[in-house]
file run.cif (mmCIF, C-alpha atoms)
data_query
#
loop_
_atom_site.label_atom_id
_atom_site.label_comp_id
_atom_site.auth_asym_id
_atom_site.auth_seq_id
_atom_site.Cartn_x
_atom_site.Cartn_y
_atom_site.Cartn_z
CA MET A 26 -63.28 -76.34 -12.69
CA ALA A 27 -66.94 -77.48 -12.68
CA ARG A 28 -68.60 -78.37 -9.42
CA ALA A 29 -69.69 -81.91 -8.76
CA ASN A 30 -73.33 -82.73 -8.17
CA GLY A 31 -74.57 -81.37 -4.85
CA GLU A 32 -72.01 -78.59 -4.46
CA GLY A 33 -73.47 -75.13 -4.20
CA THR A 34 -73.37 -71.68 -2.70
CA VAL A 35 -75.42 -69.92 -0.04
CA ARG A 36 -75.81 -66.16 0.19
CA LYS A 37 -78.07 -63.54 1.75
CA ASN A 38 -80.17 -61.54 -0.69
CA GLU A 39 -80.35 -58.23 1.12
CA GLN A 40 -82.85 -56.70 -1.29
CA ARG A 41 -85.38 -59.49 -0.81
CA GLY A 42 -84.49 -60.14 2.80
CA ARG A 43 -84.03 -63.86 2.36
CA TRP A 44 -81.32 -66.50 2.00
CA GLU A 45 -80.71 -68.22 -1.32
CA GLY A 46 -78.82 -71.35 -2.24
CA ARG A 47 -77.88 -72.82 -5.62
CA VAL A 48 -77.15 -76.51 -6.05
CA THR A 49 -75.40 -77.94 -9.11
CA ILE A 50 -77.35 -80.88 -10.55
CA ASP A 51 -76.97 -83.04 -13.68
CA TYR A 52 -73.36 -82.22 -14.55
CA ASP A 53 -72.28 -83.79 -17.86
CA PRO A 54 -68.46 -84.18 -17.92
CA GLU A 55 -68.44 -84.51 -21.72
CA THR A 56 -70.35 -81.35 -22.56
CA ARG A 57 -69.45 -79.59 -19.29
CA LYS A 58 -73.03 -78.41 -19.08
CA THR A 59 -74.81 -78.21 -15.75
CA LYS A 60 -78.23 -77.45 -14.40
CA ARG A 61 -78.67 -75.65 -11.11
CA VAL A 62 -81.57 -75.60 -8.71
CA THR A 63 -82.23 -72.55 -6.56
CA VAL A 64 -83.77 -72.79 -3.10
CA THR A 65 -84.78 -69.99 -0.76
CA GLY A 66 -85.56 -69.61 2.92
CA LYS A 67 -85.85 -67.20 5.82
CA THR A 68 -82.65 -68.47 7.47
CA ARG A 69 -79.33 -69.85 6.31
CA SER A 70 -79.92 -73.16 8.07
CA GLU A 71 -83.28 -73.57 6.32
CA VAL A 72 -81.62 -73.08 2.94
CA VAL A 73 -78.81 -75.50 3.81
CA GLU A 74 -81.38 -78.18 4.71
CA LYS A 75 -83.20 -77.64 1.44
CA MET A 76 -79.91 -77.94 -0.44
CA LYS A 77 -79.21 -81.23 1.32
CA GLU A 78 -82.64 -82.47 0.27
CA ARG A 79 -81.93 -81.53 -3.36
CA GLN A 80 -78.61 -83.36 -3.12
CA ARG A 81 -80.37 -86.43 -1.71
CA GLN A 82 -82.79 -86.34 -4.63
CA ALA A 83 -79.93 -86.02 -7.13
CA ASP A 84 -78.20 -89.01 -5.52
CA HIS A 85 -81.38 -91.02 -6.21
CA GLY A 86 -81.30 -90.04 -9.86
CA VAL A 87 -83.85 -87.24 -9.68
CA SER A 88 -83.15 -84.67 -12.40
CA ALA A 89 -83.37 -80.90 -12.04
CA ASP A 90 -86.48 -80.89 -14.22
CA MET A 91 -88.17 -83.47 -12.00
CA MET A 92 -87.42 -81.34 -8.96
CA LYS A 93 -89.49 -78.53 -10.51
CA MET A 94 -92.39 -80.77 -11.60
CA THR A 95 -95.82 -79.68 -10.38
CA VAL A 96 -98.39 -82.01 -8.83
CA ASP A 97 -100.45 -81.64 -12.02
CA ALA A 98 -97.54 -82.72 -14.23
CA TYR A 99 -96.73 -85.64 -11.94
CA LEU A 100 -100.33 -86.87 -11.85
CA THR A 101 -100.54 -86.70 -15.65
CA ASP A 102 -97.40 -88.82 -15.96
CA TRP A 103 -98.66 -91.25 -13.32
CA LEU A 104 -102.06 -91.62 -14.99
CA ASP A 105 -100.59 -92.05 -18.47
CA ASN A 106 -97.56 -94.23 -17.74
CA VAL A 107 -98.00 -96.02 -14.39
CA VAL A 108 -101.69 -96.72 -13.83
CA PRO A 109 -102.59 -98.46 -17.13
CA GLY A 110 -102.39 -102.21 -16.77
CA THR A 111 -102.13 -102.15 -12.98
CA VAL A 112 -105.84 -101.68 -12.20
CA ALA A 113 -109.17 -102.25 -13.92
CA ALA A 114 -110.03 -99.81 -16.70
CA SER A 115 -112.95 -98.44 -14.67
CA THR A 116 -110.66 -97.77 -11.71
CA ALA A 117 -108.15 -96.02 -13.97
CA ARG A 118 -110.95 -93.79 -15.27
CA ASN A 119 -111.99 -93.01 -11.71
CA TYR A 120 -108.43 -92.06 -10.76
CA ARG A 121 -108.35 -89.66 -13.70
CA GLU A 122 -111.65 -88.09 -12.72
CA TYR A 123 -110.69 -87.81 -9.05
CA SER A 124 -107.43 -86.13 -10.07
CA ARG A 125 -109.13 -83.73 -12.47
CA LEU A 126 -112.05 -82.73 -10.25
CA TRP A 127 -110.83 -83.10 -6.69
CA ILE A 128 -107.04 -82.84 -6.62
CA SER A 129 -105.71 -80.63 -9.42
CA PRO A 130 -107.96 -77.61 -8.77
CA TYR A 131 -106.59 -77.29 -5.24
CA ILE A 132 -102.95 -78.40 -5.25
CA GLY A 133 -102.12 -79.01 -8.91
CA LYS A 134 -99.93 -75.93 -9.31
CA ILE A 135 -97.74 -76.68 -6.29
CA GLU A 136 -94.31 -78.11 -7.08
CA LEU A 137 -94.28 -81.77 -6.09
CA THR A 138 -91.17 -81.42 -3.91
CA LYS A 139 -92.82 -78.50 -2.07
CA LEU A 140 -96.11 -80.26 -1.34
CA ARG A 141 -96.74 -80.52 2.39
CA PRO A 142 -99.21 -82.54 4.49
CA SER A 143 -100.94 -79.28 5.41
CA ASP A 144 -101.62 -78.63 1.70
CA VAL A 145 -103.38 -82.00 1.46
CA THR A 146 -105.40 -81.29 4.61
CA LYS A 147 -106.48 -77.92 3.16
CA MET A 148 -107.51 -79.68 -0.05
CA MET A 149 -109.66 -82.14 1.88
CA GLN A 150 -111.21 -79.33 3.92
CA ALA A 151 -112.05 -77.43 0.73
CA LEU A 152 -113.72 -80.52 -0.73
CA ALA A 153 -115.73 -81.01 2.45
CA ASN A 154 -116.79 -77.35 2.45
CA LYS A 155 -117.85 -77.78 -1.18
CA GLY A 156 -120.31 -80.43 -0.06
CA LEU A 157 -118.54 -83.64 -1.03
CA SER A 158 -119.39 -86.69 1.02
CA PRO A 159 -116.85 -87.98 3.54
CA ASN A 160 -116.30 -91.02 1.34
CA SER A 161 -115.52 -88.85 -1.70
CA VAL A 162 -113.01 -86.85 0.33
CA ARG A 163 -111.37 -90.09 1.44
CA LEU A 164 -111.21 -91.34 -2.14
CA ALA A 165 -109.52 -88.11 -3.24
CA ARG A 166 -106.92 -88.56 -0.53
CA SER A 167 -106.36 -92.26 -1.21
CA THR A 168 -105.90 -91.57 -4.94
CA LEU A 169 -103.29 -88.93 -4.19
CA ARG A 170 -101.61 -91.16 -1.62
CA ARG A 171 -101.37 -94.01 -4.13
CA ALA A 172 -99.89 -91.71 -6.78
CA LEU A 173 -97.33 -90.18 -4.44
CA ARG A 174 -96.23 -93.61 -3.26
CA TYR A 175 -94.38 -94.00 -6.56
CA ALA A 176 -92.72 -90.60 -6.18
CA GLU A 177 -91.58 -91.59 -2.70
CA ARG A 178 -90.28 -94.95 -3.94
CA ASP A 179 -88.29 -93.26 -6.72
CA GLY A 180 -86.75 -90.71 -4.35
CA VAL A 181 -88.49 -87.69 -5.87
CA ILE A 182 -89.98 -86.88 -2.46
CA GLY A 183 -88.71 -87.88 0.96
CA ASN A 184 -92.12 -88.86 2.34
CA ASN A 185 -95.74 -89.08 1.26
CA PRO A 186 -97.63 -85.89 2.24
CA ALA A 187 -101.01 -87.53 1.58
CA ALA A 188 -100.20 -90.29 4.06
CA LEU A 189 -99.06 -87.80 6.72
CA ALA A 190 -101.91 -85.30 6.32
CA ASP A 191 -104.42 -84.89 9.12
CA GLY A 192 -107.90 -86.12 8.37
CA VAL A 193 -110.86 -83.78 8.18
CA ARG A 194 -113.74 -84.18 10.60
CA MET A 195 -117.12 -84.04 8.88
CA ASP A 196 -120.54 -84.21 10.51
CA GLN A 197 -122.33 -85.50 7.43
CA LYS A 198 -123.84 -88.93 8.07
CA GLU A 199 -123.25 -91.78 5.67
CA GLY A 200 -125.03 -95.04 5.04
CA ARG A 201 -123.68 -98.10 6.76
CA PHE A 202 -122.95 -100.03 3.56
CA MET A 203 -120.84 -99.22 0.49
CA PRO A 204 -121.79 -100.47 -3.02
CA PRO A 205 -119.46 -103.27 -4.26
CA GLU A 206 -117.98 -101.23 -7.13
CA MET A 207 -117.21 -98.31 -4.83
CA ALA A 208 -115.71 -100.70 -2.29
CA ARG A 209 -113.37 -102.13 -4.93
CA GLU A 210 -112.31 -98.63 -5.98
CA PHE A 211 -111.66 -97.69 -2.37
CA LEU A 212 -109.56 -100.81 -1.70
CA ASN A 213 -107.57 -100.17 -4.89
CA GLY A 214 -106.92 -96.67 -3.64
CA VAL A 215 -105.54 -97.77 -0.29
CA GLU A 216 -103.66 -100.79 -1.65
CA GLY A 217 -100.13 -100.97 -0.26
CA THR A 218 -100.84 -98.78 2.78
CA ARG A 219 -100.54 -99.94 6.36
CA GLU A 220 -104.31 -99.60 6.81
CA ALA A 221 -105.26 -101.72 3.77
CA ALA A 222 -105.88 -104.93 5.74
CA LEU A 223 -107.96 -103.05 8.33
CA TYR A 224 -110.14 -101.48 5.63
CA THR A 225 -110.63 -104.87 3.96
CA ILE A 226 -111.83 -106.40 7.22
CA ALA A 227 -114.08 -103.41 7.96
CA LEU A 228 -115.75 -103.59 4.54
CA THR A 229 -116.15 -107.36 4.81
CA LEU A 230 -117.91 -107.04 8.17
CA GLY A 231 -120.00 -104.10 7.00
#

call {"tool": "encode", "arguments": {"input": "run.cif", "output": "structure tokens"}}
result
Amino acid sequence: MARANGEGTVRKNEQRGRWEGRVTIDYDPETRKTKRVTVTGKTRSEVVEKMKERQRQADHGVSADMMKMTVDAYLTDWLDNVVPGTVAASTARNYREYSRLWISPYIGKIELTKLRPSDVTKMMQALANKGLSPNSVRLARSTLRRALRYAERDGVIGNNPAALADGVRMDQKEGRFMPPEMAREFLNGVEGTREAALYTIALTLG
């Protein structure tokens, strides 16, 4: 008898010295075909928690393939299918460039469901060490945060790592004013966040 979605097994892999769990996802009662997702951890409880998270995702309609999607693959889908028509063409081009130059090289290969706030903080630190201005680092983060907001809404991820990441302190001084076009791009990037109104007021007052 086939297992229902979310059922799985947990076992200790003695050779690798780790615990492994397999969760049944996407069971089709007509074809009796299933897809399973494997999770690993140092302890049994860690694996059980990861299995519960996979079950939560499945309950929200997240497929096994989506659970394995990388940040790169997700950003490509977001840029091609979500962004167009929601922002100005120039802003959409900027999002694509920010993703290509500032985000993908550092965290693009990480599976989306495994992305952590610390990964985003490390990305920002790497950009700062590369010599990017504080504003550019913030734009990279706000672009990622906006993209991941849709993944959070659709249940692919439980929270938004870009929103939870620690900021990076940079000593580089910036000018007091931001050009209008850059200001619009920045506000588009933070749209929908709790800080959006604060940023709007700050930019308005200079």

call {"tool": "atom_distance", "arguments": {"input": "run.cif", "atom1": "atom CA of Lys67 of chain A", "atom2": "atom CA of Asn38 of chain A"}}
result
10.3 Å

call {"tool": "closest_residue", "arguments": {"input": "run.cif", "among": "A:Leu100, A:Val193, A:Val108, A:Glu216", "to": "Ala176 of chain A", "atoms": "only C-alpha atoms"}}
result
A:Leu100

call {"tool": "atom_distance", "arguments": {"input": "run.cif", "atom1": "atom CA of Ser70 of chain A", "atom2": "atom CA of Arg43 of chain A"}}
result
11.7 Å

call {"tool": "closest_residue", "arguments": {"input": "run.cif", "among": "A:Thr168, A:Ala89, A:Val72, A:Leu140", "to": "Arg118 of chain A", "atoms": "all atoms listed in the file"}}
result
A:Thr168

call {"tool": "resolve_selection", "arguments": {"input": "run.cif", "expression": "the PyMOL selection byres ((chain A and resi 91) around 12)", "output": "list in words"}}
result
Ile50, Asp51, Lys60, Val62, Arg79, Gln82, Ala83, His85, Gly86, Val87, Ser88, Ala89, Asp90, Met92, Lys93, Met94, Thr95, Val96, Ala98, Tyr99, Asp102, Glu136, Leu137, Thr138, Ala176, Asp179, Gly180, Val181 and Ile182 of chain A

call {"tool": "atom_distance", "arguments": {"input": "run.cif", "atom1": "atom CA of Glu71 of chain A", "atom2": "atom CA of Glu177 of chain A"}}
result
21.8 Å

call {"tool": "resolve_selection", "arguments": {"input": "run.cif", "expression": "the PyMOL selection byres ((chain A and resi 44) around 10)", "output": "PyMOL selection string"}}
result
chain A and resi 35-39+41-43+45-46+64-73

call {"tool": "axis_aligned_box", "arguments": {"input": "run.cif", "around": "segment 120-133 of chain A", "padding_each_side": "4 Å", "output": "lines of an AutoDock Vina configuration file"}}
result
center_x = -107.1
center_y = -84.7
center_z = -9.5
size_x = 17.9
size_y = 22.8
size_z = 16.5

call {"tool": "closest_residue", "arguments": {"input": "run.cif", "among": "A:Ile135, A:Ile128, A:Glu78, A:Tyr175", "to": "Met149 of chain A", "atoms": "all atoms listed in the file"}}
result
A:Ile128

call {"tool": "resolve_selection", "arguments": {"input": "run.cif", "expression": "the PyMOL selection byres ((chain A and resi 48) around 8)", "output": "compact mmCIF listing (two decimals) with C-alpha atoms, keeping the file's coordinate frame"}}
result
# COMPACT_ATOMS: atom_id res chain seq x y z
CA ASN A 30 -73.33 -82.73 -8.17
CA GLY A 31 -74.57 -81.37 -4.85
CA GLU A 32 -72.01 -78.59 -4.46
CA GLY A 33 -73.47 -75.13 -4.20
CA THR A 34 -73.37 -71.68 -2.70
CA GLY A 46 -78.82 -71.35 -2.24
CA ARG A 47 -77.88 -72.82 -5.62
CA THR A 49 -75.40 -77.94 -9.11
CA ILE A 50 -77.35 -80.88 -10.55
CA ARG A 61 -78.67 -75.65 -11.11
CA VAL A 62 -81.57 -75.60 -8.71
CA THR A 63 -82.23 -72.55 -6.56
CA MET A 76 -79.91 -77.94 -0.44
CA ARG A 79 -81.93 -81.53 -3.36
CA GLN A 80 -78.61 -83.36 -3.12

call {"tool": "build_atoms", "arguments": {"input": "run.cif", "residues": "segment 56-71 of chain A", "atoms": "N, CA and C atoms", "output": "compact mmCIF listing (two decimals), in the coordinates of the input"}}
result
# COMPACT_ATOMS: atom_id res chain seq x y z
N THR A 56 -69.96 -82.66 -22.02
CA THR A 56 -70.35 -81.35 -22.56
C THR A 56 -70.03 -80.21 -21.59
N ARG A 57 -69.72 -80.57 -20.34
CA ARG A 57 -69.45 -79.59 -19.29
C ARG A 57 -70.64 -78.66 -19.04
N LYS A 58 -71.82 -79.18 -19.33
CA LYS A 58 -73.03 -78.41 -19.08
C LYS A 58 -73.64 -78.86 -17.76
N THR A 59 -74.19 -77.91 -17.04
CA THR A 59 -74.81 -78.21 -15.75
C THR A 59 -76.18 -77.57 -15.66
N LYS A 60 -76.97 -78.08 -14.75
CA LYS A 60 -78.23 -77.45 -14.40
C LYS A 60 -78.18 -77.17 -12.90
N ARG A 61 -78.69 -76.03 -12.53
CA ARG A 61 -78.67 -75.65 -11.11
C ARG A 61 -80.08 -75.42 -10.61
N VAL A 62 -80.29 -75.79 -9.37
CA VAL A 62 -81.57 -75.60 -8.71
C VAL A 62 -81.39 -74.57 -7.62
N THR A 63 -82.29 -73.60 -7.58
CA THR A 63 -82.23 -72.55 -6.56
C THR A 63 -83.26 -72.80 -5.47
N VAL A 64 -82.85 -72.67 -4.24
CA VAL A 64 -83.77 -72.79 -3.10
C VAL A 64 -83.68 -71.53 -2.27
N THR A 65 -84.75 -71.20 -1.58
CA THR A 65 -84.78 -69.99 -0.76
C THR A 65 -85.33 -70.31 0.62
N GLY A 66 -85.06 -69.42 1.57
CA GLY A 66 -85.56 -69.61 2.92
C GLY A 66 -85.34 -68.37 3.76
N LYS A 67 -85.97 -68.36 4.93
CA LYS A 67 -85.85 -67.20 5.82
C LYS A 67 -84.52 -67.19 6.57
N THR A 68 -83.92 -68.37 6.75
CA THR A 68 -82.65 -68.47 7.47
C THR A 68 -81.65 -69.27 6.65
N ARG A 69 -80.38 -69.12 7.02
CA ARG A 69 -79.33 -69.85 6.31
C ARG A 69 -79.48 -71.36 6.53
N SER A 70 -79.80 -71.73 7.76
CA SER A 70 -79.92 -73.16 8.07
C SER A 70 -81.07 -73.80 7.29
N GLU A 71 -82.15 -73.06 7.10
CA GLU A 71 -83.28 -73.57 6.32
C GLU A 71 -82.86 -73.84 4.89
